[in-house]
Every structure is written in structure tokens, then in C-alpha cells.
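So this one's run06.pdb, PDB, C-alpha atoms and all ligand atoms:
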ATOM      1  CA  MET A  68     199.388 173.527  23.351  1.00  0.00           C
ATOM      2  CA  ASP A  69     197.638 172.899  20.047  1.00  0.00           C
ATOM      3  CA  LEU A  70     199.842 170.902  17.660  1.00  0.00           C
ATOM      4  CA  LYS A  71     197.161 170.595  15.001  1.00  0.00           C
ATOM      5  CA  ILE A  72     199.211 172.836  12.695  1.00  0.00           C
ATOM      6  CA  ILE A  73     201.743 170.001  12.327  1.00  0.00           C
ATOM      7  CA  GLU A  74     198.969 167.655  11.156  1.00  0.00           C
ATOM      8  CA  GLU A  75     197.620 170.256   8.755  1.00  0.00           C
ATOM      9  CA  LEU A  76     201.066 171.030   7.361  1.00  0.00           C
ATOM     10  CA  LEU A  77     201.809 167.332   6.911  1.00  0.00           C
ATOM     11  CA  GLU A  78     198.499 166.844   5.105  1.00  0.00           C
ATOM     12  CA  THR A  79     199.225 169.777   2.761  1.00  0.00           C
ATOM     13  CA  ILE A  80     202.754 168.532   1.990  1.00  0.00           C
ATOM     14  CA  ARG A  81     201.396 165.051   1.199  1.00  0.00           C
ATOM     15  CA  ASN A  82     198.709 166.596  -0.946  1.00  0.00           C
ATOM     16  CA  ARG A  83     201.340 168.578  -2.900  1.00  0.00           C
ATOM     17  CA  LYS A  84     203.323 165.386  -3.446  1.00  0.00           C
ATOM     18  CA  GLN A  85     200.288 163.578  -4.839  1.00  0.00           C
ATOM     19  CA  PHE A  86     198.734 166.512  -6.682  1.00  0.00           C
ATOM     20  CA  PRO A  87     201.473 169.016  -7.628  1.00  0.00           C
ATOM     21  CA  LYS A  88     200.273 172.605  -7.636  1.00  0.00           C
ATOM     22  CA  GLU A  89     201.614 175.393  -9.791  1.00  0.00           C
ATOM     23  CA  GLY A  90     203.632 177.933  -7.811  1.00  0.00           C
ATOM     24  CA  SER A  91     203.937 175.613  -4.826  1.00  0.00           C
ATOM     25  CA  TYR A  92     207.195 176.002  -2.901  1.00  0.00           C
ATOM     26  CA  THR A  93     206.801 172.428  -1.650  1.00  0.00           C
ATOM     27  CA  ASN A  94     206.720 171.146  -5.234  1.00  0.00           C
ATOM     28  CA  LYS A  95     209.725 173.330  -6.035  1.00  0.00           C
ATOM     29  CA  LEU A  96     211.548 171.516  -3.229  1.00  0.00           C
ATOM     30  CA  PHE A  97     210.386 168.064  -4.384  1.00  0.00           C
ATOM     31  CA  ASN A  98     211.581 168.926  -7.900  1.00  0.00           C
ATOM     32  CA  LYS A  99     215.062 169.791  -6.642  1.00  0.00           C
ATOM     33  CA  GLY A 100     215.764 166.078  -6.264  1.00  0.00           C
ATOM     34  CA  GLU A 101     217.916 164.402  -3.652  1.00  0.00           C
ATOM     35  CA  ASN A 102     221.031 166.573  -4.046  1.00  0.00           C
ATOM     36  CA  GLY A 103     219.060 169.804  -4.157  1.00  0.00           C
ATOM     37  CA  LEU A 104     217.022 168.874  -1.107  1.00  0.00           C
ATOM     38  CA  VAL A 105     220.095 167.903   0.899  1.00  0.00           C
ATOM     39  CA  LYS A 106     221.738 171.215  -0.042  1.00  0.00           C
ATOM     40  CA  LYS A 107     218.603 173.061   1.042  1.00  0.00           C
ATOM     41  CA  LEU A 108     218.555 171.203   4.385  1.00  0.00           C
ATOM     42  CA  GLY A 109     222.162 172.268   4.955  1.00  0.00           C
ATOM     43  CA  GLU A 110     221.320 175.893   4.190  1.00  0.00           C
ATOM     44  CA  GLU A 111     218.316 175.917   6.505  1.00  0.00           C
ATOM     45  CA  ASN A 112     220.397 174.309   9.232  1.00  0.00           C
ATOM     46  CA  ALA A 113     223.072 176.995   8.812  1.00  0.00           C
ATOM     47  CA  GLU A 114     220.431 179.744   8.970  1.00  0.00           C
ATOM     48  CA  LEU A 115     219.080 178.337  12.230  1.00  0.00           C
ATOM     49  CA  ILE A 116     222.583 178.183  13.719  1.00  0.00           C
ATOM     50  CA  LYS A 117     223.238 181.774  12.638  1.00  0.00           C
ATOM     51  CA  ALA A 118     219.970 182.906  14.242  1.00  0.00           C
ATOM     52  CA  PHE A 119     220.937 181.031  17.423  1.00  0.00           C
ATOM     53  CA  LEU A 120     224.383 182.609  17.591  1.00  0.00           C
ATOM     54  CA  VAL A 121     224.008 186.171  16.367  1.00  0.00           C
ATOM     55  CA  GLU A 122     220.328 187.010  15.930  1.00  0.00           C
ATOM     56  CA  ASN A 123     217.301 187.426  18.169  1.00  0.00           C
ATOM     57  CA  ASP A 124     214.637 185.099  19.591  1.00  0.00           C
ATOM     58  CA  GLU A 125     212.138 185.988  16.877  1.00  0.00           C
ATOM     59  CA  ARG A 126     214.608 185.136  14.093  1.00  0.00           C
ATOM     60  CA  MET A 127     215.455 181.879  15.832  1.00  0.00           C
ATOM     61  CA  ALA A 128     211.791 180.847  16.031  1.00  0.00           C
ATOM     62  CA  SER A 129     211.310 181.771  12.366  1.00  0.00           C
ATOM     63  CA  GLU A 130     214.376 179.833  11.211  1.00  0.00           C
ATOM     64  CA  ALA A 131     213.368 176.839  13.344  1.00  0.00           C
ATOM     65  CA  ALA A 132     209.955 176.873  11.603  1.00  0.00           C
ATOM     66  CA  ASP A 133     211.691 176.968   8.200  1.00  0.00           C
ATOM     67  CA  TYR A 134     213.977 174.106   9.167  1.00  0.00           C
ATOM     68  CA  LEU A 135     211.163 171.956  10.566  1.00  0.00           C
ATOM     69  CA  TYR A 136     209.154 172.437   7.371  1.00  0.00           C
ATOM     70  CA  HIS A 137     212.165 171.461   5.236  1.00  0.00           C
ATOM     71  CA  ILE A 138     212.813 168.405   7.403  1.00  0.00           C
ATOM     72  CA  ILE A 139     209.206 167.254   6.947  1.00  0.00           C
ATOM     73  CA  VAL A 140     209.462 167.765   3.175  1.00  0.00           C
ATOM     74  CA  ALA A 141     212.726 165.769   3.081  1.00  0.00           C
ATOM     75  CA  LEU A 142     211.116 162.933   5.068  1.00  0.00           C
ATOM     76  CA  GLU A 143     208.127 162.887   2.725  1.00  0.00           C
ATOM     77  CA  TYR A 144     210.429 162.931  -0.305  1.00  0.00           C
ATOM     78  CA  ARG A 145     212.073 159.743   0.966  1.00  0.00           C
ATOM     79  CA  GLY A 146     208.747 158.234   2.012  1.00  0.00           C
ATOM     80  CA  VAL A 147     209.663 158.241   5.695  1.00  0.00           C
ATOM     81  CA  PRO A 148     206.440 159.015   7.592  1.00  0.00           C
ATOM     82  CA  PHE A 149     206.696 161.897  10.044  1.00  0.00           C
ATOM     83  CA  GLU A 150     204.608 159.691  12.335  1.00  0.00           C
ATOM     84  CA  ASP A 151     207.721 157.495  12.670  1.00  0.00           C
ATOM     85  CA  VAL A 152     209.648 160.477  14.027  1.00  0.00           C
ATOM     86  CA  LEU A 153     206.889 161.168  16.533  1.00  0.00           C
ATOM     87  CA  ASN A 154     206.806 157.486  17.550  1.00  0.00           C
ATOM     88  CA  ILE A 155     210.556 157.524  18.220  1.00  0.00           C
ATOM     89  CA  LEU A 156     210.149 160.629  20.395  1.00  0.00           C
ATOM     90  CA  ARG A 157     207.246 158.903  22.176  1.00  0.00           C
ATOM     91  CA  GLN A 158     209.301 155.751  22.842  1.00  0.00           C
ATOM     92  CA  ARG A 159     212.266 157.761  24.111  1.00  0.00           C
ATOM     93  CA  HIS A 160     210.043 159.752  26.385  1.00  0.00           C
ATOM     94  CA  ALA A 161     208.351 156.706  27.922  1.00  0.00           C
TER      95      ALA A 161
HETATM   96  N1  LIG B   1     205.716 176.029   6.155  1.00  0.00           N
HETATM   97  C1  LIG B   1     206.057 176.384   5.014  1.00  0.00           C
HETATM   98  C2  LIG B   1     207.312 177.020   4.782  1.00  0.00           C
HETATM   99  N2  LIG B   1     208.322 177.342   5.619  1.00  0.00           N
HETATM  100  C3  LIG B   1     209.242 177.926   4.857  1.00  0.00           C
HETATM  101  N3  LIG B   1     208.851 177.983   3.569  1.00  0.00           N
HETATM  102  C4  LIG B   1     209.567 178.602   2.451  1.00  0.00           C
HETATM  103  O1  LIG B   1     210.934 178.256   2.547  1.00  0.00           O
HETATM  104  C5  LIG B   1     211.695 179.276   1.926  1.00  0.00           C
HETATM  105  C6  LIG B   1     212.929 179.494   2.745  1.00  0.00           C
HETATM  106  O2  LIG B   1     213.555 180.643   2.350  1.00  0.00           O
HETATM  107  P1  LIG B   1     214.938 180.614   1.589  1.00  0.00           P
HETATM  108  O3  LIG B   1     215.401 182.021   1.503  1.00  0.00           O
HETATM  109  O4  LIG B   1     215.851 179.627   2.235  1.00  0.00           O
HETATM  110  O5  LIG B   1     214.577 180.028   0.153  1.00  0.00           O
HETATM  111  P2  LIG B   1     214.137 180.818  -1.167  1.00  0.00           P
HETATM  112  O6  LIG B   1     215.196 181.771  -1.573  1.00  0.00           O
HETATM  113  O7  LIG B   1     212.747 181.393  -0.984  1.00  0.00           O
HETATM  114  O8  LIG B   1     214.033 179.630  -2.217  1.00  0.00           O
HETATM  115  P3  LIG B   1     215.197 178.671  -2.787  1.00  0.00           P
HETATM  116  O9  LIG B   1     215.152 178.835  -4.263  1.00  0.00           O
HETATM  117  O10 LIG B   1     216.506 179.027  -2.161  1.00  0.00           O
HETATM  118  O11 LIG B   1     214.744 177.279  -2.391  1.00  0.00           O
HETATM  119  C7  LIG B   1     210.806 180.524   1.798  1.00  0.00           C
HETATM  120  O12 LIG B   1     210.504 180.757   0.446  1.00  0.00           O
HETATM  121  C8  LIG B   1     209.548 180.125   2.569  1.00  0.00           C
HETATM  122  O13 LIG B   1     208.372 180.619   1.967  1.00  0.00           O
HETATM  123  C9  LIG B   1     207.652 177.409   3.482  1.00  0.00           C
HETATM  124  N4  LIG B   1     206.838 177.182   2.405  1.00  0.00           N
HETATM  125  C10 LIG B   1     205.656 176.580   2.646  1.00  0.00           C
HETATM  126  N5  LIG B   1     205.243 176.186   3.911  1.00  0.00           N
HETATM  127  C11 LIG B   1     203.940 175.555   4.109  1.00  0.00           C
HETATM  128  O14 LIG B   1     203.658 174.676   3.063  1.00  0.00           O
HETATM  129  C12 LIG B   1     202.292 174.850   2.673  1.00  0.00           C
HETATM  130  C13 LIG B   1     202.204 174.604   1.193  1.00  0.00           C
HETATM  131  O15 LIG B   1     202.891 175.632   0.539  1.00  0.00           O
HETATM  132  P4  LIG B   1     203.041 175.593  -1.048  1.00  0.00           P
HETATM  133  O16 LIG B   1     203.724 174.310  -1.372  1.00  0.00           O
HETATM  134  O17 LIG B   1     203.877 176.794  -1.398  1.00  0.00           O
HETATM  135  O18 LIG B   1     201.661 175.669  -1.622  1.00  0.00           O
HETATM  136  C14 LIG B   1     201.939 176.298   3.045  1.00  0.00           C
HETATM  137  O19 LIG B   1     200.597 176.357   3.387  1.00  0.00           O
HETATM  138  C15 LIG B   1     202.820 176.569   4.236  1.00  0.00           C
HETATM  139  O20 LIG B   1     202.077 176.241   5.366  1.00  0.00           O
END

When written as C-alpha cells, how does the structure in this file appear?
Amino acid sequence: MDLKIIEELLETIRNRKQFPKEGSYTNKLFNKGENGLVKKLGEENAELIKAFLVENDERMASEAADYLYHIIVALEYRGVPFEDVLNILRQRHA
């Protein structure tokens, strides 16, 4: 499985943080601030749960992608490197 998309997404999100781009949804999220971002995370979480419970596999995959993206943006907002998340998974798996 090719996970390069995660690296590319991470690079783009970091680029948006450093060089905000007009019309960027990522910058819209960054500009929401802490409370707005936390609210958004809650909404995306709820949408994933709804897809899990009452929707189909395709909707669940789509909502999981949305949620993962929002999680990465929230981590970047706080300056927590996504690499740290991967390292924790790696350690647990060892
Ligand atoms: N992976 C994503 C991604 N996943 C989800 N989303 C957005 O997340 C939103 C989730 O939908 P919602 O209905 O919850 O939110 P909304 O009503 O659109 O917006 P809100 O005002 O509620 O925040 C949608 O608008 C999606 O477009 C994403 N937006 C951007 N990316 C990636 O981020 C990169 C940079 O995008 P920009 O920052 O827009 O240039 C892109 O190349 C994409 O790869």
C-alpha cells in the first residue's frame, strides 16, 4: 500500500500554515482558532459515527478521510508533528 498521500497532504498543510493561500479550506480551519477547530473536530467525529451506524461503506470511508484530514490540521495547529503520532503507533506495534 502506498501511503505517500499522507506525506503529500502533510506537506501541503504545513505549506498552507507557513504561506496562507486565498480560498484555502486549510487556512479557513487555521483561522477558526482553538475553539472553532475543536468544534469542527467534534462535528467530523459525529459525521464518522453517523456513517458507521446508519450509512454505507463508501460514506464511512469518505467521512474517515475528512476526519483524518481535520485531525492532521488540528495537530499542525498545535505544533504537534504528525510524525509523533506515527512514532507512537510504531512503538506500540513493536
Ligand atoms: N483532504 C482535504 C480535505 N478533507 C476534507 N476537506 C474539506 O472539509 C470540509 C468538510 O465538510 P463540512 O461539510 O464538514 O464543512 P464545510 O461546510 O465545507 O465547511 P465549514 O464552514 O463547516 O468548516 C469540506 O469542505 C472538504 O472540502 C478537505 N479540504 C482539503 N483537503 C486537502 O488539503 C489540501 C489543501 O487544500 P486547501 O487548503 O483548500 O488548498 C487539498 O489538496 C486536499 O488534499

Practice task
Would you kindly return, as a VMD selection string, each protein, DNA or RNA residue with an atom no farther than 9 Å from any atom of region 133-138 of chain A, considering only C-alpha atoms and excluding same-chain residues fewer than 3 positions away?
Solution key: chain A and resid 76 to 77 93 96 104 107 to 108 111 to 112 114 to 115 128 to 130 141 to 143

Exercise for the section: Translate the PyMOL selection byres (((chain A and resi 97) around 12) and not hetatm), as applied to the file shown, into an explicit residue set as a VMD selection string. Expected result: chain A and resid 80 to 81 83 to 88 91 to 96 98 to 105 107 137 139 to 146

Six-sided padding of 5 Å per side, axis-aligned box over region 118-136 of chain A, centre and edges in Å, one decimal, as AutoDock Vina command-line options:
--center_x 216.8 --center_y 179.7 --center_z 13.5 --size_x 25.2 --size_y 25.5 --size_z 22.2

Practice task
Could you tell me which of A:Ala132, A:Ala118, A:Met68, A:Ala113 comes closest to ligand LIG 1 (chain B) if we count all atoms listed in the file?
Solution key: A:Ala132

Practice task
Identify which of the residues A:Ala161, A:Ala131, A:Val121, A:Leu156 lies closest to ligand LIG 1 (chain B), counting all atoms listed in the file when measuring atom-to-atom distances.
Solution key: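 Once distances to ligand LIG 1 (chain B) are computed over all atoms listed in the file, the minimum belongs to A:Ala131.
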
Problem - d(atom C5 of ligand LIG 1 (chain B), CA of Leu153 (chain A)) in Å - result: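 Rounded to one decimal, the two atoms are 23.8 Å apart.
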
Practice task
Compare A:Glu150, A:Glu125, A:Asp69, A:Glu110 by their minimum atom-to-atom distance to ligand LIG 1 (chain B), counting only C-alpha atoms and all ligand atoms, and give me the closest one.
Solution key: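 Ranking A:Glu150, A:Glu125, A:Asp69, A:Glu110 by distance to ligand LIG 1 (chain B), first place goes to A:Glu110.
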